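Remarks on the structure that follows.
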Amino acid sequence: MTETVDALAGLVAGGGVVVLSGAGLSTESGIPDYRGPSGAARRHTPMTYQVFTRDAQARRRYWARSHLGWRVIARAAPNEGHRAVARLQRGGLVDGIITQNVDGLHTAAGSAGVVELHGRLDEVVCLDCGNQTSREELDRRLREANPGFDARVAAVNPDGDVDLADDEVAAFRTVDCTFCRGGMLKPDVVFFGETVPAPRVARCFDLVGRARLLLVLGSSLTVMSGRRFVLRAAKLGIPVVIVNQGPTRGDGYATLTVDAPLGRLLPALADRAAGGADPGAVAAGLTGVGR
Ligand SMILES: [Zn+2]
């Protein structure tokens, strides 16, 4: 792995790095890929905005599963990978962080100004009045409305990613917005079939456009929502480096691809890159590392 880290460090040490991270960065924090944009490990068909808003039974099932899964998200802590990214940012090498993850773990690890492309699971929005509340508050309300529900189901599925029986779903009670009294609540994340708000996308394109290097961490770039930034970088002649376990749909655009566990590789990279930028090494890295 040493040679790989050296090559990677040579590229990163020049600074101007924009990070694009995906679910693979958070799996070592014990977070299953619920929303599933990078989805190799996806166990369930992802919820779409259209189904969520139009199908009351599907919505009830979503909230019942999500209510259980929230326990896993709420207790998740940043891992060595998130901390290494924060360290690279503090060291002045990373100029921007775009994440497809909805777990808030980059920020929890100490990174600043993270663009959360797909929103955050710890926030809830009312689709009728737009009022935003915390997931913590919603969790409290759902627990009150469904006493004993999570204890009953969690006994069977400790990881929180569950296939609920129809009668369990039917017994689950969802809650509505208390601000406008009756509005439909949704986690403030971008579902499939929903578009990322335009100003947020514009901010990402701006970051990518000014990058010296786009560093993809833990995303298979399956969905266009994230892949478009790789395409943009490639079009602008900005080198793309991809670190992911398994192939990605951006590999053909990458200067360097690395298949390694992020929790091990990124701390080594942060140690090495912090050693100081060597413009010669950067130039050699850019030209010497082929596809
Ligand atoms: Zn409302």
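Letters A, B, ... go to the chains of the structure tokens in the order shown; residues in each chain start at 1; ligands are counted from 1 in the same order.
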Tell me, as an mmCIF file with all heavy atoms, in the first residue's frame, which residues lie within 8 Å of Ala145 of chain A, counting only C-alpha atoms; anything in the same chain fewer than 5 positions away does not count.
data_model
loop_
_atom_site.group_PDB
_atom_site.id
_atom_site.type_symbol
_atom_site.label_atom_id
_atom_site.label_comp_id
_atom_site.auth_asym_id
_atom_site.auth_seq_id
_atom_site.Cartn_x
_atom_site.Cartn_y
_atom_site.Cartn_z
ATOM 1 N N ARG A 173 -47.854 4.011 13.824
ATOM 2 C CA ARG A 173 -48.551 5.296 13.685
ATOM 3 C C ARG A 173 -47.556 6.394 13.305
ATOM 4 O O ARG A 173 -46.590 6.631 14.017
ATOM 5 C CB ARG A 173 -49.235 5.649 15.008
ATOM 6 C CG ARG A 173 -50.384 4.685 15.339
ATOM 7 C CD ARG A 173 -51.081 5.115 16.621
ATOM 8 N NE ARG A 173 -51.562 6.495 16.511
ATOM 9 C CZ ARG A 173 -51.956 7.224 17.568
ATOM 10 N NH1 ARG A 173 -51.887 6.732 18.786
ATOM 11 N NH2 ARG A 173 -52.407 8.452 17.392
ATOM 12 N N THR A 174 -47.795 7.036 12.167
ATOM 13 C CA THR A 174 -46.933 8.151 11.755
ATOM 14 C C THR A 174 -47.467 9.433 12.411
ATOM 15 O O THR A 174 -48.582 9.448 12.935
ATOM 16 C CB THR A 174 -46.922 8.321 10.224
ATOM 17 O OG1 THR A 174 -48.262 8.525 9.775
ATOM 18 C CG2 THR A 174 -46.349 7.094 9.544
ATOM 19 N N VAL A 175 -46.678 10.477 12.380
ATOM 20 C CA VAL A 175 -47.127 11.752 12.945
ATOM 21 C C VAL A 175 -46.986 12.856 11.894
ATOM 22 O O VAL A 175 -46.241 12.709 10.922
ATOM 23 C CB VAL A 175 -46.317 12.121 14.218
ATOM 24 C CG1 VAL A 175 -46.540 11.085 15.317
ATOM 25 C CG2 VAL A 175 -44.831 12.254 13.903
#
All helix (DSSP H, G or I) residues (DSSP, backbone) inside segment 2-87 of chain A, as a PyMOL selection string:
chain A and resi 2-12+23-25+27-29+49-54+56-75+80-87
For the residues in the current selection, export C-alpha atoms as a compact mmCIF listing (two decimals), in the first residue's frame.
# COMPACT_ATOMS: atom_id res chain seq x y z
CA THR A 2 3.01 2.30 0.56
CA GLU A 3 3.50 3.07 -3.14
CA THR A 4 -0.18 3.86 -3.52
CA VAL A 5 -0.14 6.18 -0.53
CA ASP A 6 2.97 7.88 -1.92
CA ALA A 7 1.36 8.44 -5.30
CA LEU A 8 -1.82 9.71 -3.65
CA ALA A 9 0.09 11.93 -1.21
CA GLY A 10 2.08 13.40 -4.09
CA LEU A 11 -1.16 14.48 -5.74
CA VAL A 12 -2.88 15.74 -2.59
CA ALA A 23 -21.49 5.84 1.50
CA GLY A 24 -18.22 3.89 1.47
CA LEU A 25 -16.69 6.47 3.79
CA THR A 27 -19.64 2.06 6.32
CA GLU A 28 -16.74 1.83 8.81
CA SER A 29 -18.91 3.91 11.15
CA TYR A 49 -40.30 10.92 -3.73
CA GLN A 50 -43.30 10.01 -5.86
CA VAL A 51 -44.13 6.87 -3.87
CA PHE A 52 -43.47 8.59 -0.55
CA THR A 53 -45.86 11.43 -1.26
CA ARG A 54 -48.60 9.45 -2.99
CA ALA A 56 -49.81 6.31 2.44
CA GLN A 57 -49.02 2.65 3.09
CA ALA A 58 -45.52 2.94 1.57
CA ARG A 59 -44.97 6.08 3.61
CA ARG A 60 -46.00 4.27 6.79
CA ARG A 61 -43.59 1.44 5.96
CA TYR A 62 -40.81 3.94 5.29
CA TRP A 63 -41.28 5.69 8.64
CA ALA A 64 -41.55 2.41 10.55
CA ARG A 65 -38.24 1.19 9.08
CA SER A 66 -36.62 4.59 9.32
CA HIS A 67 -37.71 4.95 12.95
CA LEU A 68 -35.81 1.77 13.74
CA GLY A 69 -32.83 2.62 11.55
CA TRP A 70 -32.50 6.03 13.14
CA ARG A 71 -31.08 4.45 16.29
CA VAL A 72 -28.11 3.25 14.24
CA ILE A 73 -27.55 6.65 12.63
CA ALA A 74 -27.98 8.57 15.88
CA ARG A 75 -25.29 6.63 17.68
CA GLU A 80 -10.59 7.51 11.00
CA GLY A 81 -11.45 8.32 7.39
CA HIS A 82 -13.67 11.29 8.32
CA ARG A 83 -11.05 12.50 10.78
CA ALA A 84 -8.29 12.28 8.17
CA VAL A 85 -10.32 14.41 5.76
CA ALA A 86 -10.83 17.00 8.52
CA ARG A 87 -7.08 16.93 9.15
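Compared by their closest atoms to ligand 1, and using only C-alpha atoms and all ligand atoms, the residues A:Phe205, A:Phe179, A:Phe191, A:Tyr253 rank with A:Phe179 nearest.
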Hey, which residues come within 10 Å of ligand 1 if we count only C-alpha atoms and all ligand atoms? Could you give them as a list in words?
Val125, Cys126, Leu127, Asp128, Cys129, Gly130, Asn131, Gln132, Thr133, Asp176, Cys177, Thr178, Phe179, Cys180, Arg181, Gly182, Gly183, Met184 and Leu185 of chain A
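Shortest atom-to-atom contact with Gly15 of chain A among A:Met47, A:Val216, A:Leu93, A:Val169: A:Leu93, counting only C-alpha atoms.
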Which one is closest to Val102 of chain A: A:His118, A:Lys186, A:Arg272, A:Arg232? Count only C-alpha atoms.
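Of A:His118, A:Lys186, A:Arg272, A:Arg232, the one nearest Val102 of chain A, counting only C-alpha atoms, is A:His118.
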Between atom CA of Val223 of chain A and atom CA of Glu194 of chain A, what is the distance, to one decimal in Å?
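So the two atoms, atom CA of Val223 of chain A and atom CA of Glu194 of chain A, lie 12.4 Å apart.
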Of A:Leu105, A:Leu117, A:Leu217, A:Ala112, the one nearest to Thr248 of chain A when counting only C-alpha atoms is A:Leu217
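For the choices A:Arg264, A:Arg212, A:Arg228, A:Lys235, the atom-to-atom distance to Gly250 of chain A is smallest for A:Arg228 when using only C-alpha atoms.
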Give the strand (DSSP E) residues of segment 53-173 of chain A, as assigned by DSSP on the backbone, as a list of chain:residue names.
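Matching residues for strand (DSSP E) in segment 53-173 of chain A are A:Val94, A:Asp95, A:Gly96, A:Ile97, A:Ile98, A:Thr99, A:Val115, A:Glu116, A:Gly119, A:Arg120, A:Leu121, A:Asp122, A:Glu123, A:Val124, A:Val125, A:Cys126, A:Gln132, A:Thr133, A:Ser134.
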Written selection (N, CA and C atoms) as a PDB file, in the first residue's frame:
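Result saved to part_38.pdb:
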ATOM      1  N   VAL A  94      -7.298  20.691   1.611  1.00  0.00           N
ATOM      2  CA  VAL A  94      -8.655  20.480   1.086  1.00  0.00           C
ATOM      3  C   VAL A  94      -9.419  21.799   1.118  1.00  0.00           C
ATOM      4  N   ASP A  95      -9.888  22.222  -0.051  1.00  0.00           N
ATOM      5  CA  ASP A  95     -10.617  23.493  -0.161  1.00  0.00           C
ATOM      6  C   ASP A  95     -12.122  23.322  -0.041  1.00  0.00           C
ATOM      7  N   GLY A  96     -12.606  22.119  -0.281  1.00  0.00           N
ATOM      8  CA  GLY A  96     -14.059  21.937  -0.236  1.00  0.00           C
ATOM      9  C   GLY A  96     -14.411  20.473  -0.067  1.00  0.00           C
ATOM     10  N   ILE A  97     -15.546  20.232   0.597  1.00  0.00           N
ATOM     11  CA  ILE A  97     -16.018  18.863   0.790  1.00  0.00           C
ATOM     12  C   ILE A  97     -17.476  18.789   0.357  1.00  0.00           C
ATOM     13  N   ILE A  98     -17.720  17.911  -0.609  1.00  0.00           N
ATOM     14  CA  ILE A  98     -19.083  17.644  -1.060  1.00  0.00           C
ATOM     15  C   ILE A  98     -19.373  16.213  -0.640  1.00  0.00           C
ATOM     16  N   THR A  99     -20.474  15.977   0.066  1.00  0.00           N
ATOM     17  CA  THR A  99     -20.772  14.600   0.439  1.00  0.00           C
ATOM     18  C   THR A  99     -22.152  14.183  -0.041  1.00  0.00           C
ATOM     19  N   VAL A 115     -20.648  20.616   2.032  1.00  0.00           N
ATOM     20  CA  VAL A 115     -21.871  20.713   1.226  1.00  0.00           C
ATOM     21  C   VAL A 115     -22.545  19.341   1.247  1.00  0.00           C
ATOM     22  N   GLU A 116     -23.697  19.283   1.877  1.00  0.00           N
ATOM     23  CA  GLU A 116     -24.406  18.006   1.997  1.00  0.00           C
ATOM     24  C   GLU A 116     -25.396  17.877   0.851  1.00  0.00           C
ATOM     25  N   GLY A 119     -28.747  16.333   1.544  1.00  0.00           N
ATOM     26  CA  GLY A 119     -29.408  16.735   2.775  1.00  0.00           C
ATOM     27  C   GLY A 119     -28.892  15.986   3.983  1.00  0.00           C
ATOM     28  N   ARG A 120     -29.652  16.108   5.078  1.00  0.00           N
ATOM     29  CA  ARG A 120     -29.241  15.473   6.331  1.00  0.00           C
ATOM     30  C   ARG A 120     -30.402  14.715   6.930  1.00  0.00           C
ATOM     31  N   LEU A 121     -30.096  13.527   7.391  1.00  0.00           N
ATOM     32  CA  LEU A 121     -31.130  12.681   7.976  1.00  0.00           C
ATOM     33  C   LEU A 121     -31.553  13.163   9.366  1.00  0.00           C
ATOM     34  N   ASP A 122     -30.753  14.013   9.977  1.00  0.00           N
ATOM     35  CA  ASP A 122     -31.135  14.467  11.320  1.00  0.00           C
ATOM     36  C   ASP A 122     -32.014  15.713  11.280  1.00  0.00           C
ATOM     37  N   GLU A 123     -32.488  16.049  10.070  1.00  0.00           N
ATOM     38  CA  GLU A 123     -33.428  17.156   9.945  1.00  0.00           C
ATOM     39  C   GLU A 123     -34.680  16.673   9.235  1.00  0.00           C
ATOM     40  N   VAL A 124     -35.802  17.280   9.603  1.00  0.00           N
ATOM     41  CA  VAL A 124     -37.105  16.872   9.070  1.00  0.00           C
ATOM     42  C   VAL A 124     -37.779  18.116   8.509  1.00  0.00           C
ATOM     43  N   VAL A 125     -38.413  17.956   7.353  1.00  0.00           N
ATOM     44  CA  VAL A 125     -39.077  19.112   6.746  1.00  0.00           C
ATOM     45  C   VAL A 125     -40.558  18.793   6.514  1.00  0.00           C
ATOM     46  N   CYS A 126     -41.408  19.807   6.674  1.00  0.00           N
ATOM     47  CA  CYS A 126     -42.835  19.638   6.377  1.00  0.00           C
ATOM     48  C   CYS A 126     -43.040  19.994   4.908  1.00  0.00           C
ATOM     49  N   GLN A 132     -38.936  23.377   9.378  1.00  0.00           N
ATOM     50  CA  GLN A 132     -37.899  22.370   9.630  1.00  0.00           C
ATOM     51  C   GLN A 132     -37.790  22.093  11.120  1.00  0.00           C
ATOM     52  N   THR A 133     -37.686  20.834  11.444  1.00  0.00           N
ATOM     53  CA  THR A 133     -37.531  20.445  12.845  1.00  0.00           C
ATOM     54  C   THR A 133     -36.419  19.408  12.928  1.00  0.00           C
ATOM     55  N   SER A 134     -36.031  19.085  14.147  1.00  0.00           N
ATOM     56  CA  SER A 134     -34.959  18.112  14.302  1.00  0.00           C
ATOM     57  C   SER A 134     -35.521  16.696  14.295  1.00  0.00           C
TER      58      SER A 134
END
Please compute the atom CA of Met224 of chain A-atom CA of Gln245 of chain A distance, one decimal, in Å.
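So the answer is 19.1 Å.
Shortest separation to Gly226 of chain A among A:Ala198, A:Leu20, A:Ile31, A:Ile242 occurs at residue A:Leu20, atoms counted being only C-alpha atoms.
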Atom CA of Pro199 of chain A and atom CA of Gly14 of chain A, how far apart in Å?
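Interatomic distance, atom CA of Gly14 of chain A to atom CA of Pro199 of chain A: 28.8 Å.
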Would you list the contacts of Met1 of chain A as a ChimeraX atom specification, taking every protein, DNA or RNA residue within 10 Å and counting only C-alpha atoms, but skipping same-chain residues closer than 5 positions in sequence?
/A:6,258-260,265,268
